[in-house]
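To be precise, the following lines are protein_18.cif, and they hold mmCIF, C-alpha atoms.
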```cif
data_structure
#
loop_
_atom_site.group_PDB
_atom_site.id
_atom_site.type_symbol
_atom_site.label_atom_id
_atom_site.label_comp_id
_atom_site.auth_asym_id
_atom_site.auth_seq_id
_atom_site.Cartn_x
_atom_site.Cartn_y
_atom_site.Cartn_z
ATOM 1 C CA MET A 1 64.641 79.384 97.683
ATOM 2 C CA GLN A 2 67.047 81.433 99.818
ATOM 3 C CA ARG A 3 69.463 78.503 100.015
ATOM 4 C CA LEU A 4 69.279 78.054 96.259
ATOM 5 C CA ILE A 5 70.049 81.746 95.702
ATOM 6 C CA ASN A 6 73.012 81.493 98.074
ATOM 7 C CA PHE A 7 74.298 78.349 96.350
ATOM 8 C CA LEU A 8 73.898 79.609 92.783
ATOM 9 C CA TYR A 9 74.740 83.274 93.215
ATOM 10 C CA ARG A 10 75.954 84.678 96.528
ATOM 11 C CA THR A 11 78.506 82.000 97.423
ATOM 12 C CA PRO A 12 80.150 81.895 93.945
ATOM 13 C CA LYS A 13 80.159 85.697 93.819
ATOM 14 C CA SER A 14 81.874 85.877 97.207
ATOM 15 C CA LYS A 15 84.474 83.304 96.172
ATOM 16 C CA LEU A 16 85.225 85.140 92.933
ATOM 17 C CA LYS A 17 85.724 88.353 94.886
ATOM 18 C CA THR A 18 88.161 86.583 97.213
ATOM 19 C CA TYR A 19 90.089 85.043 94.317
ATOM 20 C CA LYS A 20 90.399 88.456 92.669
ATOM 21 C CA ARG A 21 91.692 90.101 95.849
ATOM 22 C CA PHE A 22 94.431 87.483 96.176
ATOM 23 C CA GLY A 23 95.595 87.661 92.583
ATOM 24 C CA GLY A 24 93.431 84.979 91.032
ATOM 25 C CA TYR A 25 92.314 81.423 91.720
ATOM 26 C CA TYR A 26 95.711 79.731 91.395
ATOM 27 C CA ASN A 27 97.491 82.147 93.720
ATOM 28 C CA TYR A 28 94.669 81.824 96.231
ATOM 29 C CA GLN A 29 95.105 78.047 96.139
ATOM 30 C CA LYS A 30 98.781 78.565 96.997
ATOM 31 C CA VAL A 31 97.658 80.518 100.064
ATOM 32 C CA ILE A 32 95.288 77.705 101.057
ATOM 33 C CA ASN A 33 98.014 75.112 100.515
ATOM 34 C CA GLY A 34 100.372 77.194 102.637
ATOM 35 C CA ASN A 35 97.897 77.026 105.494
ATOM 36 C CA LYS A 36 97.668 73.235 105.129
ATOM 37 C CA GLN A 37 101.463 72.982 105.227
ATOM 38 C CA MET A 38 101.525 75.193 108.318
ATOM 39 C CA LYS A 39 99.069 72.873 110.063
ATOM 40 C CA ARG A 40 101.318 69.885 109.409
ATOM 41 C CA ALA A 41 104.433 71.802 110.455
ATOM 42 C CA ALA A 42 102.873 72.748 113.810
ATOM 43 C CA TYR A 43 103.326 69.135 114.936
ATOM 44 C CA LYS A 44 107.079 69.480 114.370
ATOM 45 C CA LEU A 45 107.549 72.684 116.363
ATOM 46 C CA PRO A 46 109.822 72.466 119.410
ATOM 47 C CA ILE A 47 108.242 72.233 122.850
ATOM 48 C CA SER A 48 107.221 75.631 124.270
ATOM 49 C CA PRO A 49 107.053 75.355 128.062
ATOM 50 C CA SER A 50 104.512 77.344 130.047
ATOM 51 C CA TYR A 51 105.049 78.295 133.681
ATOM 52 C CA ALA A 52 102.404 78.809 136.362
ATOM 53 C CA ASP A 53 104.377 81.793 137.704
ATOM 54 C CA GLY A 54 105.105 83.193 134.226
ATOM 55 C CA LEU A 55 103.772 86.335 132.589
ATOM 56 C CA PRO A 56 100.174 85.497 131.585
ATOM 57 C CA VAL A 57 99.315 85.565 127.874
ATOM 58 C CA TYR A 58 95.849 84.583 126.645
ATOM 59 C CA PHE A 59 94.638 83.162 123.336
ATOM 60 C CA LEU A 60 91.125 82.354 122.138
ATOM 61 C CA THR A 61 91.761 79.431 119.823
ATOM 62 C CA GLY A 62 90.450 76.154 118.462
ATOM 63 C CA LYS A 63 90.416 73.743 115.547
ATOM 64 C CA LYS A 64 90.948 76.349 112.795
ATOM 65 C CA TYR A 65 93.600 78.342 114.634
ATOM 66 C CA ILE A 66 95.572 76.128 117.009
ATOM 67 C CA HIS A 67 98.435 75.744 114.529
ATOM 68 C CA GLN A 68 98.677 79.531 114.263
ATOM 69 C CA THR A 69 98.590 79.822 118.062
ATOM 70 C CA LEU A 70 101.484 77.375 118.350
ATOM 71 C CA PHE A 71 103.533 79.269 115.775
ATOM 72 C CA CYS A 72 102.834 82.599 117.481
ATOM 73 C CA ILE A 73 103.973 81.191 120.836
ATOM 74 C CA SER A 74 106.991 79.491 119.303
ATOM 75 C CA SER A 75 108.045 82.742 117.623
ATOM 76 C CA LEU A 76 107.734 84.574 120.963
ATOM 77 C CA LEU A 77 109.913 82.080 122.813
ATOM 78 C CA LYS A 78 112.447 82.164 120.013
ATOM 79 C CA VAL A 79 113.129 85.863 120.649
ATOM 80 C CA SER A 80 112.644 86.067 124.429
ATOM 81 C CA THR A 81 114.009 84.271 127.492
ATOM 82 C CA GLU A 82 111.135 85.428 129.704
ATOM 83 C CA ARG A 83 108.915 82.851 131.390
ATOM 84 C CA PHE A 84 105.307 82.988 130.200
ATOM 85 C CA HIS A 85 102.083 81.389 131.360
ATOM 86 C CA PHE A 86 100.004 80.556 128.291
ATOM 87 C CA VAL A 87 96.252 80.402 128.798
ATOM 88 C CA LEU A 88 94.291 78.892 125.917
ATOM 89 C CA ILE A 89 90.565 79.567 125.833
ATOM 90 C CA ASP A 90 88.484 76.982 123.956
ATOM 91 C CA ASP A 91 86.538 78.690 121.174
ATOM 92 C CA GLY A 92 84.080 75.797 121.249
ATOM 93 C CA THR A 93 85.910 73.523 118.818
ATOM 94 C CA PHE A 94 88.449 71.774 121.066
ATOM 95 C CA THR A 95 88.751 68.014 120.568
ATOM 96 C CA PRO A 96 90.753 65.412 122.507
ATOM 97 C CA ALA A 97 93.350 65.610 119.711
ATOM 98 C CA ILE A 98 93.728 69.371 120.191
ATOM 99 C CA ALA A 99 94.028 68.941 123.961
ATOM 100 C CA ASP A 100 96.728 66.307 123.405
ATOM 101 C CA LEU A 101 98.587 68.583 121.000
ATOM 102 C CA ILE A 102 98.534 71.414 123.537
ATOM 103 C CA SER A 103 99.744 69.200 126.378
ATOM 104 C CA THR A 104 102.561 67.924 124.152
ATOM 105 C CA LYS A 105 103.702 71.222 122.648
ATOM 106 C CA LEU A 106 102.784 73.567 125.533
ATOM 107 C CA PRO A 107 103.438 71.624 128.734
ATOM 108 C CA GLY A 108 102.154 73.578 131.718
ATOM 109 C CA ALA A 109 99.707 75.666 129.704
ATOM 110 C CA THR A 110 96.259 76.302 131.155
ATOM 111 C CA ILE A 111 93.296 75.206 129.078
ATOM 112 C CA VAL A 112 89.937 76.808 129.812
ATOM 113 C CA THR A 113 87.462 74.296 128.445
ATOM 114 C CA ASN A 114 84.049 74.951 126.974
ATOM 115 C CA ASP A 115 82.407 73.503 130.099
ATOM 116 C CA GLN A 116 84.431 75.823 132.320
ATOM 117 C CA ILE A 117 83.526 78.768 130.099
ATOM 118 C CA ASN A 118 79.823 77.990 130.386
ATOM 119 C CA THR A 119 80.153 77.797 134.169
ATOM 120 C CA ASN A 120 82.006 81.114 134.221
ATOM 121 C CA LEU A 121 79.390 82.768 132.026
ATOM 122 C CA GLU A 122 76.558 81.480 134.182
ATOM 123 C CA LYS A 123 78.290 82.893 137.259
ATOM 124 C CA HIS A 124 79.351 86.294 135.905
ATOM 125 C CA LEU A 125 77.040 86.912 132.931
ATOM 126 C CA PRO A 126 73.786 84.973 133.453
ATOM 127 C CA ALA A 127 71.706 84.776 130.287
ATOM 128 C CA ASP A 128 68.572 86.215 131.874
ATOM 129 C CA LYS A 129 70.466 89.382 132.817
ATOM 130 C CA TYR A 130 72.617 89.653 129.666
ATOM 131 C CA PRO A 131 70.465 88.276 126.825
ATOM 132 C CA VAL A 132 72.050 90.484 124.148
ATOM 133 C CA LEU A 133 75.592 89.367 124.961
ATOM 134 C CA HIS A 134 74.554 85.720 125.003
ATOM 135 C CA HIS A 135 72.827 86.103 121.638
ATOM 136 C CA LYS A 136 75.863 87.824 120.127
ATOM 137 C CA ARG A 137 78.086 85.065 121.456
ATOM 138 C CA SER A 138 75.998 82.513 119.570
ATOM 139 C CA VAL A 139 76.201 84.338 116.219
ATOM 140 C CA TYR A 140 79.390 86.399 116.470
ATOM 141 C CA PRO A 141 82.371 84.320 117.683
ATOM 142 C CA HIS A 142 84.703 87.335 117.922
ATOM 143 C CA ILE A 143 82.940 88.547 121.050
ATOM 144 C CA LYS A 144 84.111 85.390 122.839
ATOM 145 C CA LYS A 145 87.509 87.064 122.941
ATOM 146 C CA MET A 146 85.966 89.485 125.411
ATOM 147 C CA LEU A 147 83.274 87.447 127.161
ATOM 148 C CA ASP A 148 85.013 84.075 127.503
ATOM 149 C CA VAL A 149 88.448 85.459 128.318
ATOM 150 C CA HIS A 150 87.372 88.064 130.852
ATOM 151 C CA THR A 151 85.153 85.686 132.817
ATOM 152 C CA ALA A 152 87.965 83.140 133.133
ATOM 153 C CA GLY A 153 89.657 84.493 136.243
ATOM 154 C CA ILE A 154 93.383 83.567 136.541
ATOM 155 C CA SER A 155 94.616 87.196 136.403
ATOM 156 C CA ASP A 156 92.954 90.610 136.568
ATOM 157 C CA TRP A 157 94.973 92.207 133.780
ATOM 158 C CA LYS A 158 94.785 90.120 130.647
ATOM 159 C CA LEU A 159 96.912 90.402 127.533
ATOM 160 C CA VAL A 160 95.008 88.668 124.730
ATOM 161 C CA LEU A 161 96.849 87.912 121.498
ATOM 162 C CA ASP A 162 95.382 86.948 118.151
ATOM 163 C CA SER A 163 96.897 83.772 116.769
ATOM 164 C CA ASP A 164 97.691 85.171 113.300
ATOM 165 C CA MET A 165 100.797 87.002 114.492
ATOM 166 C CA LEU A 166 104.534 86.282 114.564
ATOM 167 C CA PHE A 167 107.274 87.804 116.686
ATOM 168 C CA TRP A 168 110.586 88.746 115.069
ATOM 169 C CA LYS A 169 112.279 90.560 117.966
ATOM 170 C CA GLU A 170 111.770 90.539 121.708
ATOM 171 C CA PRO A 171 108.605 92.549 122.440
ATOM 172 C CA LYS A 172 110.129 94.667 125.190
ATOM 173 C CA ALA A 173 107.247 97.142 125.413
ATOM 174 C CA MET A 174 104.752 94.295 125.724
ATOM 175 C CA ILE A 175 106.872 92.471 128.311
ATOM 176 C CA ASN A 176 107.339 95.642 130.371
ATOM 177 C CA TRP A 177 103.555 96.055 130.386
ATOM 178 C CA LEU A 178 103.050 92.441 131.478
ATOM 179 C CA LYS A 179 105.429 92.946 134.397
ATOM 180 C CA ASN A 180 103.590 96.010 135.663
ATOM 181 C CA PRO A 181 100.212 96.538 133.970
ATOM 182 C CA ASP A 182 98.392 99.640 135.161
ATOM 183 C CA SER A 183 96.648 100.882 132.018
ATOM 184 C CA PRO A 184 95.214 99.351 128.827
ATOM 185 C CA LEU A 185 97.481 98.239 125.988
ATOM 186 C CA HIS A 186 96.716 97.976 122.290
ATOM 187 C CA MET A 187 98.154 97.922 118.786
ATOM 188 C CA VAL A 188 97.632 100.602 116.137
ATOM 189 C CA ASP A 189 95.574 99.812 113.052
ATOM 190 C CA THR A 190 96.187 101.053 109.529
ATOM 191 C CA VAL A 191 92.631 102.400 109.212
ATOM 192 C CA ASN A 192 89.777 102.987 111.636
ATOM 193 C CA SER A 193 87.886 99.684 111.754
ATOM 194 C CA TYR A 194 85.045 100.014 114.233
ATOM 195 C CA GLY A 195 81.985 99.533 112.054
ATOM 196 C CA TYR A 196 80.089 102.247 113.925
ATOM 197 C CA SER A 197 80.087 106.018 113.870
ATOM 198 C CA PRO A 198 82.378 107.719 116.401
ATOM 199 C CA ALA A 199 79.490 110.017 117.312
ATOM 200 C CA LEU A 200 77.268 107.143 118.454
ATOM 201 C CA MET A 201 80.139 105.385 120.214
ATOM 202 C CA HIS A 202 80.997 108.651 122.022
ATOM 203 C CA GLU A 203 77.367 109.210 122.973
ATOM 204 C CA LEU A 204 77.155 105.758 124.561
ATOM 205 C CA CYS A 205 80.442 105.600 126.454
ATOM 206 C CA GLY A 206 80.817 109.291 127.279
ATOM 207 C CA SER A 207 84.393 109.520 125.993
ATOM 208 C CA GLU A 208 86.051 110.573 122.783
ATOM 209 C CA ILE A 209 86.859 107.468 120.781
ATOM 210 C CA PRO A 210 90.568 106.890 120.227
ATOM 211 C CA LYS A 211 91.505 106.323 116.613
ATOM 212 C CA LEU A 212 93.071 103.257 115.045
ATOM 213 C CA ILE A 213 92.821 100.795 117.924
ATOM 214 C CA ASN A 214 93.685 97.275 116.785
ATOM 215 C CA VAL A 215 92.955 94.374 119.112
ATOM 216 C CA GLY A 216 95.484 91.904 117.714
ATOM 217 C CA ALA A 217 97.193 92.530 121.054
ATOM 218 C CA ILE A 218 94.836 93.989 123.645
ATOM 219 C CA GLY A 219 95.398 94.390 127.367
ATOM 220 C CA LEU A 220 92.429 95.156 129.631
ATOM 221 C CA ASN A 221 91.604 94.796 133.310
ATOM 222 C CA THR A 222 88.773 92.345 133.918
ATOM 223 C CA THR A 223 87.774 94.036 137.177
ATOM 224 C CA THR A 224 87.034 97.357 135.446
ATOM 225 C CA LEU A 225 84.716 95.969 132.743
ATOM 226 C CA ASN A 226 81.144 97.209 133.168
ATOM 227 C CA TRP A 227 79.102 94.355 131.713
ATOM 228 C CA ASP A 228 75.820 96.222 132.175
ATOM 229 C CA ALA A 229 77.159 99.031 130.025
ATOM 230 C CA ILE A 230 78.552 96.627 127.420
ATOM 231 C CA GLU A 231 75.169 94.891 127.177
ATOM 232 C CA PHE A 232 73.499 98.266 126.586
ATOM 233 C CA TRP A 233 76.151 99.386 124.102
ATOM 234 C CA VAL A 234 75.765 96.290 121.933
ATOM 235 C CA LYS A 235 71.977 96.554 121.985
ATOM 236 C CA THR A 236 71.987 100.237 121.064
ATOM 237 C CA LEU A 237 74.758 100.076 118.463
ATOM 238 C CA GLU A 238 72.944 97.349 116.570
ATOM 239 C CA GLU A 239 69.519 98.916 116.914
ATOM 240 C CA LYS A 240 70.764 102.213 115.491
ATOM 241 C CA GLU A 241 73.467 101.184 113.016
ATOM 242 C CA GLY A 242 73.133 97.435 112.443
ATOM 243 C CA THR A 243 75.569 94.578 112.935
ATOM 244 C CA SER A 244 79.293 94.828 112.251
ATOM 245 C CA TYR A 245 82.181 92.402 111.915
ATOM 246 C CA TYR A 246 84.239 94.910 113.925
ATOM 247 C CA LEU A 247 81.943 95.045 116.965
ATOM 248 C CA GLU A 248 84.542 93.595 119.342
ATOM 249 C CA GLN A 249 87.097 96.189 118.255
ATOM 250 C CA ALA A 250 84.524 98.966 118.637
ATOM 251 C CA LEU A 251 83.690 97.815 122.173
ATOM 252 C CA SER A 252 87.387 97.735 123.069
ATOM 253 C CA ALA A 253 87.813 101.294 121.805
ATOM 254 C CA MET A 254 84.806 102.382 123.865
ATOM 255 C CA LEU A 255 86.164 100.661 126.978
ATOM 256 C CA ILE A 256 89.541 102.324 126.567
ATOM 257 C CA GLY A 257 88.143 105.743 125.688
ATOM 258 C CA GLN A 258 90.506 108.483 126.857
ATOM 259 C CA THR A 259 92.176 106.294 129.486
ATOM 260 C CA PRO A 260 95.968 106.718 129.317
ATOM 261 C CA SER A 261 97.199 103.606 127.553
ATOM 262 C CA VAL A 262 100.296 101.819 126.362
ATOM 263 C CA VAL A 263 100.112 102.222 122.595
ATOM 264 C CA LEU A 264 102.434 99.813 120.830
ATOM 265 C CA ASP A 265 104.523 101.550 118.177
ATOM 266 C CA LYS A 266 102.791 101.108 114.815
ATOM 267 C CA ASP A 267 106.084 100.731 112.948
ATOM 268 C CA ASP A 268 107.389 98.117 115.368
ATOM 269 C CA TYR A 269 104.212 96.163 116.131
ATOM 270 C CA LYS A 270 102.928 96.195 112.595
ATOM 271 C CA VAL A 271 99.403 95.508 111.381
ATOM 272 C CA ASN A 272 99.049 94.257 107.793
ATOM 273 C CA PRO A 273 102.789 94.032 107.005
ATOM 274 C CA SER A 274 104.088 94.009 103.450
ATOM 275 C CA ALA A 275 106.411 91.580 101.712
ATOM 276 C CA ALA A 276 109.189 94.144 102.188
ATOM 277 C CA ASP A 277 108.550 94.148 105.953
ATOM 278 C CA LEU A 278 108.916 90.383 105.976
ATOM 279 C CA GLN A 279 112.190 90.472 104.055
ATOM 280 C CA GLN A 280 113.672 93.022 106.439
ATOM 281 C CA THR A 281 112.146 91.495 109.611
ATOM 282 C CA ALA A 282 113.105 94.737 111.357
ATOM 283 C CA ASN A 283 109.791 94.888 113.193
ATOM 284 C CA THR A 284 109.059 93.273 116.542
ATOM 285 C CA LEU A 285 105.652 91.824 115.678
ATOM 286 C CA HIS A 286 103.578 91.287 112.554
ATOM 287 C CA HIS A 287 99.799 90.981 112.673
ATOM 288 C CA TYR A 288 98.765 89.315 109.426
ATOM 289 C CA VAL A 289 95.373 90.726 108.535
ATOM 290 C CA ASP A 290 93.655 91.254 105.193
ATOM 291 C CA LEU A 291 95.971 90.756 102.192
ATOM 292 C CA SER A 292 99.029 90.143 104.353
ATOM 293 C CA LYS A 293 97.532 86.694 104.980
ATOM 294 C CA GLU A 294 99.219 85.776 101.700
ATOM 295 C CA ILE A 295 102.790 86.380 102.882
ATOM 296 C CA TYR A 296 101.902 84.871 106.270
ATOM 297 C CA LEU A 297 100.589 81.580 104.934
ATOM 298 C CA LYS A 298 102.929 81.235 101.956
ATOM 299 C CA ASN A 299 106.185 82.404 103.500
ATOM 300 C CA ALA A 300 106.365 83.990 106.971
ATOM 301 C CA TRP A 301 105.706 80.965 109.192
ATOM 302 C CA LYS A 302 108.410 79.010 107.384
ATOM 303 C CA LEU A 303 111.044 81.433 108.720
ATOM 304 C CA ILE A 304 110.297 80.741 112.390
ATOM 305 C CA HIS A 305 112.284 77.516 112.716
ATOM 306 C CA GLU A 306 114.240 77.125 109.535
#
```
Encoded form (structure tokens):
Amino acid sequence: MQRLINFLYRTPKSKLKTYKRFGGYYNYQKVINGNKQMKRAAYKLPISPSYADGLPVYFLTGKKYIHQTLFCISSLLKVSTERFHFVLIDDGTFTPAIADLISTKLPGATIVTNDQINTNLEKHLPADKYPVLHHKRSVYPHIKKMLDVHTAGISDWKLVLDSDMLFWKEPKAMINWLKNPDSPLHMVDTVNSYGYSPALMHELCGSEIPKLINVGAIGLNTTTLNWDAIEFWVKTLEEKEGTSYYLEQALSAMLIGQTPSVVLDKDDYKVNPSAADLQQTANTLHHYVDLSKEIYLKNAWKLIHE
């Protein structure tokens, strides 16, 4: 009965809501078609070399996002002459075809496979000691960006980038941080998106919660992460205030707390850019969230290698 209700009511209702937000069914189909075109275009991108001694940049990616990852990397190399070491973490959907695409387009990149991730988790976060984190990982893929990346080794400080971003100018602040990381780094959101009350978050971590943290670009030190505390935080947050899509962002804000951080300029590293921002391309980085997915998938990626 529940499946029938979902099929006849909840799923159509959700789709109608999405169509309305993106200006109707036909415009939404243009967005979907733009994503399909972007996937095909990813195979035509120039080679983006990765260097073992380069500045390490991490992505959690897979079947749905690898084309976006490739465009993000390509846009970065288009505006910078720095040498980077790209580390791609399998989100559980890697196939031989994806591995071949990575080896072709990102020669020298490090791939952390699903098998390696499971080994890392068993070593650093055994399921019998961290049952809540393992459960969340099975139902909430976003937390893999924390668990799978920060058990991967390679470097202590890790800059993790979301794939749905494009660089328009050299990210000097980000590069300077990569060359000498000694404090967390993050972007600035347009609204507070934590999914939990600041009071409860403060109570758990013991620090005032910084406002407007966005984890599209997030730099943290693996060696300082207290997994016991994170396990307890997740358990308590959900027991008291339920589940939230923004859990990973909330945890990042709690980890950062009042620690002095590199805060990327909100007008230069822009979350949810507008069509006007795209036309001017005066910003360094665009993070295409929410409704800005439309300009990203219909227009922005096409400007990377015209």
- Message: Which residues are close to A:Gly216, i.e. within 9 Å by all atoms listed in the file, leaving aside same-chain residues fewer than 6 positions away? Reply as a PyMOL selection string.
- Response: chain A and resi 160-165+186-187+271+287
- Message: Could you list, as a list in words, every residue within 12 Å of A:Ser193, counting all atoms listed in the file and ignoring same-chain residues fewer than 4 positions away?
- Response: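 Residues near the query, excluding close chain neighbours: Val188, Asp189, Ser197, Pro198, Ile209, Pro210, Lys211, Leu212, Ile213, Asn214, Val215, Ser244, Tyr245, Tyr246, Leu247, Glu248, Gln249, Ala250, Leu251, Ser252 and Ala253 of chain A.
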- Task: To one decimal in Å, tell me the separation between atom CA of A:Leu76 and atom CA of A:Leu255.
- Result: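 Going from atom CA of A:Leu76 over to atom CA of A:Leu255, I get 27.6 Å.
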- Item | Test item: the PyMOL selection byres ((chain A and resi 158) around 12) resolved as a ChimeraX atom specification | /A:55-59,85-87,145-146,148-157,159-161,174,177-186,217-225
Just to be explicit: take each residue in the selection above, keep C-alpha atoms, and write the result as a PDB file, in the coordinates of the input.
```pdb
ATOM      1  CA  LEU A  55     103.772  86.335 132.589  1.00  0.00           C
ATOM      2  CA  PRO A  56     100.174  85.497 131.585  1.00  0.00           C
ATOM      3  CA  VAL A  57      99.315  85.565 127.874  1.00  0.00           C
ATOM      4  CA  TYR A  58      95.849  84.583 126.645  1.00  0.00           C
ATOM      5  CA  PHE A  59      94.638  83.162 123.336  1.00  0.00           C
ATOM      6  CA  HIS A  85     102.083  81.389 131.360  1.00  0.00           C
ATOM      7  CA  PHE A  86     100.004  80.556 128.291  1.00  0.00           C
ATOM      8  CA  VAL A  87      96.252  80.402 128.798  1.00  0.00           C
ATOM      9  CA  LYS A 145      87.509  87.064 122.941  1.00  0.00           C
ATOM     10  CA  MET A 146      85.966  89.485 125.411  1.00  0.00           C
ATOM     11  CA  ASP A 148      85.013  84.075 127.503  1.00  0.00           C
ATOM     12  CA  VAL A 149      88.448  85.459 128.318  1.00  0.00           C
ATOM     13  CA  HIS A 150      87.372  88.064 130.852  1.00  0.00           C
ATOM     14  CA  THR A 151      85.153  85.686 132.817  1.00  0.00           C
ATOM     15  CA  ALA A 152      87.965  83.140 133.133  1.00  0.00           C
ATOM     16  CA  GLY A 153      89.657  84.493 136.243  1.00  0.00           C
ATOM     17  CA  ILE A 154      93.383  83.567 136.541  1.00  0.00           C
ATOM     18  CA  SER A 155      94.616  87.196 136.403  1.00  0.00           C
ATOM     19  CA  ASP A 156      92.954  90.610 136.568  1.00  0.00           C
ATOM     20  CA  TRP A 157      94.973  92.207 133.780  1.00  0.00           C
ATOM     21  CA  LEU A 159      96.912  90.402 127.533  1.00  0.00           C
ATOM     22  CA  VAL A 160      95.008  88.668 124.730  1.00  0.00           C
ATOM     23  CA  LEU A 161      96.849  87.912 121.498  1.00  0.00           C
ATOM     24  CA  MET A 174     104.752  94.295 125.724  1.00  0.00           C
ATOM     25  CA  TRP A 177     103.555  96.055 130.386  1.00  0.00           C
ATOM     26  CA  LEU A 178     103.050  92.441 131.478  1.00  0.00           C
ATOM     27  CA  LYS A 179     105.429  92.946 134.397  1.00  0.00           C
ATOM     28  CA  ASN A 180     103.590  96.010 135.663  1.00  0.00           C
ATOM     29  CA  PRO A 181     100.212  96.538 133.970  1.00  0.00           C
ATOM     30  CA  ASP A 182      98.392  99.640 135.161  1.00  0.00           C
ATOM     31  CA  SER A 183      96.648 100.882 132.018  1.00  0.00           C
ATOM     32  CA  PRO A 184      95.214  99.351 128.827  1.00  0.00           C
ATOM     33  CA  LEU A 185      97.481  98.239 125.988  1.00  0.00           C
ATOM     34  CA  HIS A 186      96.716  97.976 122.290  1.00  0.00           C
ATOM     35  CA  ALA A 217      97.193  92.530 121.054  1.00  0.00           C
ATOM     36  CA  ILE A 218      94.836  93.989 123.645  1.00  0.00           C
ATOM     37  CA  GLY A 219      95.398  94.390 127.367  1.00  0.00           C
ATOM     38  CA  LEU A 220      92.429  95.156 129.631  1.00  0.00           C
ATOM     39  CA  ASN A 221      91.604  94.796 133.310  1.00  0.00           C
ATOM     40  CA  THR A 222      88.773  92.345 133.918  1.00  0.00           C
ATOM     41  CA  THR A 223      87.774  94.036 137.177  1.00  0.00           C
ATOM     42  CA  THR A 224      87.034  97.357 135.446  1.00  0.00           C
ATOM     43  CA  LEU A 225      84.716  95.969 132.743  1.00  0.00           C
TER      44      LEU A 225
END
```
- Message: Calculated over all atoms listed in the file, which of the candidates A:Lys78, A:His135, A:Lys169, A:Lys64 has the smallest distance to A:Thr93?
- Response: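 Nearest to A:Thr93: A:Lys64.
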- Item | Separation of atom CA of A:Ala52 from atom CA of A:Gly108, in Å and rounded to one decimal |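 Atom CA of A:Gly108 lies at a distance of 7.0 Å from atom CA of A:Ala52.
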- Resolved residues for the PyMOL selection byres ((chain A and resi 283) around 9) as number ranges by chain: A: 167-169, 267-270, 277-278, 280-282, 284-286
- Task: Rank nothing, just name the residue among A:Ser50, A:Ser74, A:Thr95, A:Gln68 nearest to A:Gln37, using only C-alpha atoms.
- Result: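 Going through A:Ser50, A:Ser74, A:Thr95, A:Gln68 one by one, the smallest distance to A:Gln37 is for A:Gln68.
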Please determine an axis-aligned box that encloses all atoms of stretch 271-276 of chain A listed in the file, with 6 Å added on each side, and express its centre and edge lengths in Å to one decimal as lines of an AutoDock Vina configuration file.
```
center_x = 104.1
center_y = 93.5
center_z = 106.5
size_x = 22.1
size_y = 15.9
size_z = 21.7
```
- Task: Work out how far atom CA of A:Phe232 is from atom CA of A:Tyr130, in Å to one decimal.
- Result: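 Result for atom CA of A:Tyr130 versus atom CA of A:Phe232: 9.2 Å, one decimal.
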- Message: Translate the PyMOL selection byres ((chain A and resi 100-103) around 10) into a concrete residue list for this structure, as a list of chain:residue names.
- Response: A:Ala42, A:Tyr43, A:Ile47, A:Ser48, A:Pro49, A:Ile66, A:His67, A:Leu70, A:Leu88, A:Thr95, A:Pro96, A:Ala97, A:Ile98, A:Ala99, A:Thr104, A:Lys105, A:Leu106, A:Pro107, A:Gly108, A:Ala109, A:Thr110, A:Ile111
- Query: In terms of the shortest atom-to-atom distance over all atoms listed in the file, which of A:Leu147, A:Cys72, A:Leu166, A:Leu204 is closest to A:Ile295?
  - Reply: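 Among A:Leu147, A:Cys72, A:Leu166, A:Leu204, it is A:Leu166 that comes nearest to A:Ile295.
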- Within 10 Å of A:Thr243, counting only C-alpha atoms, which residues qualify if same-chain residues fewer than 2 places away don't, as a list of chain:residue names?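 So the residues in contact are A:Lys136, A:Tyr140, A:Gly195, A:Tyr196, A:Val234, A:Lys235, A:Leu237, A:Glu238, A:Glu239, A:Lys240, A:Glu241, A:Tyr245, A:Tyr246, A:Leu247.
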Keeping only C-alpha atoms, write the selected residues to a file as a CSV table (one decimal), in the coordinates of the input.
```csv
chain,number,residue,atom,x,y,z
A,136,LYS,CA,75.9,87.8,120.1
A,140,TYR,CA,79.4,86.4,116.5
A,195,GLY,CA,82.0,99.5,112.1
A,196,TYR,CA,80.1,102.2,113.9
A,234,VAL,CA,75.8,96.3,121.9
A,235,LYS,CA,72.0,96.6,122.0
A,237,LEU,CA,74.8,100.1,118.5
A,238,GLU,CA,72.9,97.3,116.6
A,239,GLU,CA,69.5,98.9,116.9
A,240,LYS,CA,70.8,102.2,115.5
A,241,GLU,CA,73.5,101.2,113.0
A,245,TYR,CA,82.2,92.4,111.9
A,246,TYR,CA,84.2,94.9,113.9
A,247,LEU,CA,81.9,95.0,117.0
```
- Query: Restricting the calculation to only C-alpha atoms, which member of A:Leu121, A:Met38, A:His305, A:Lys293 is positioned closest to A:Leu77?
  - Reply: A:His305
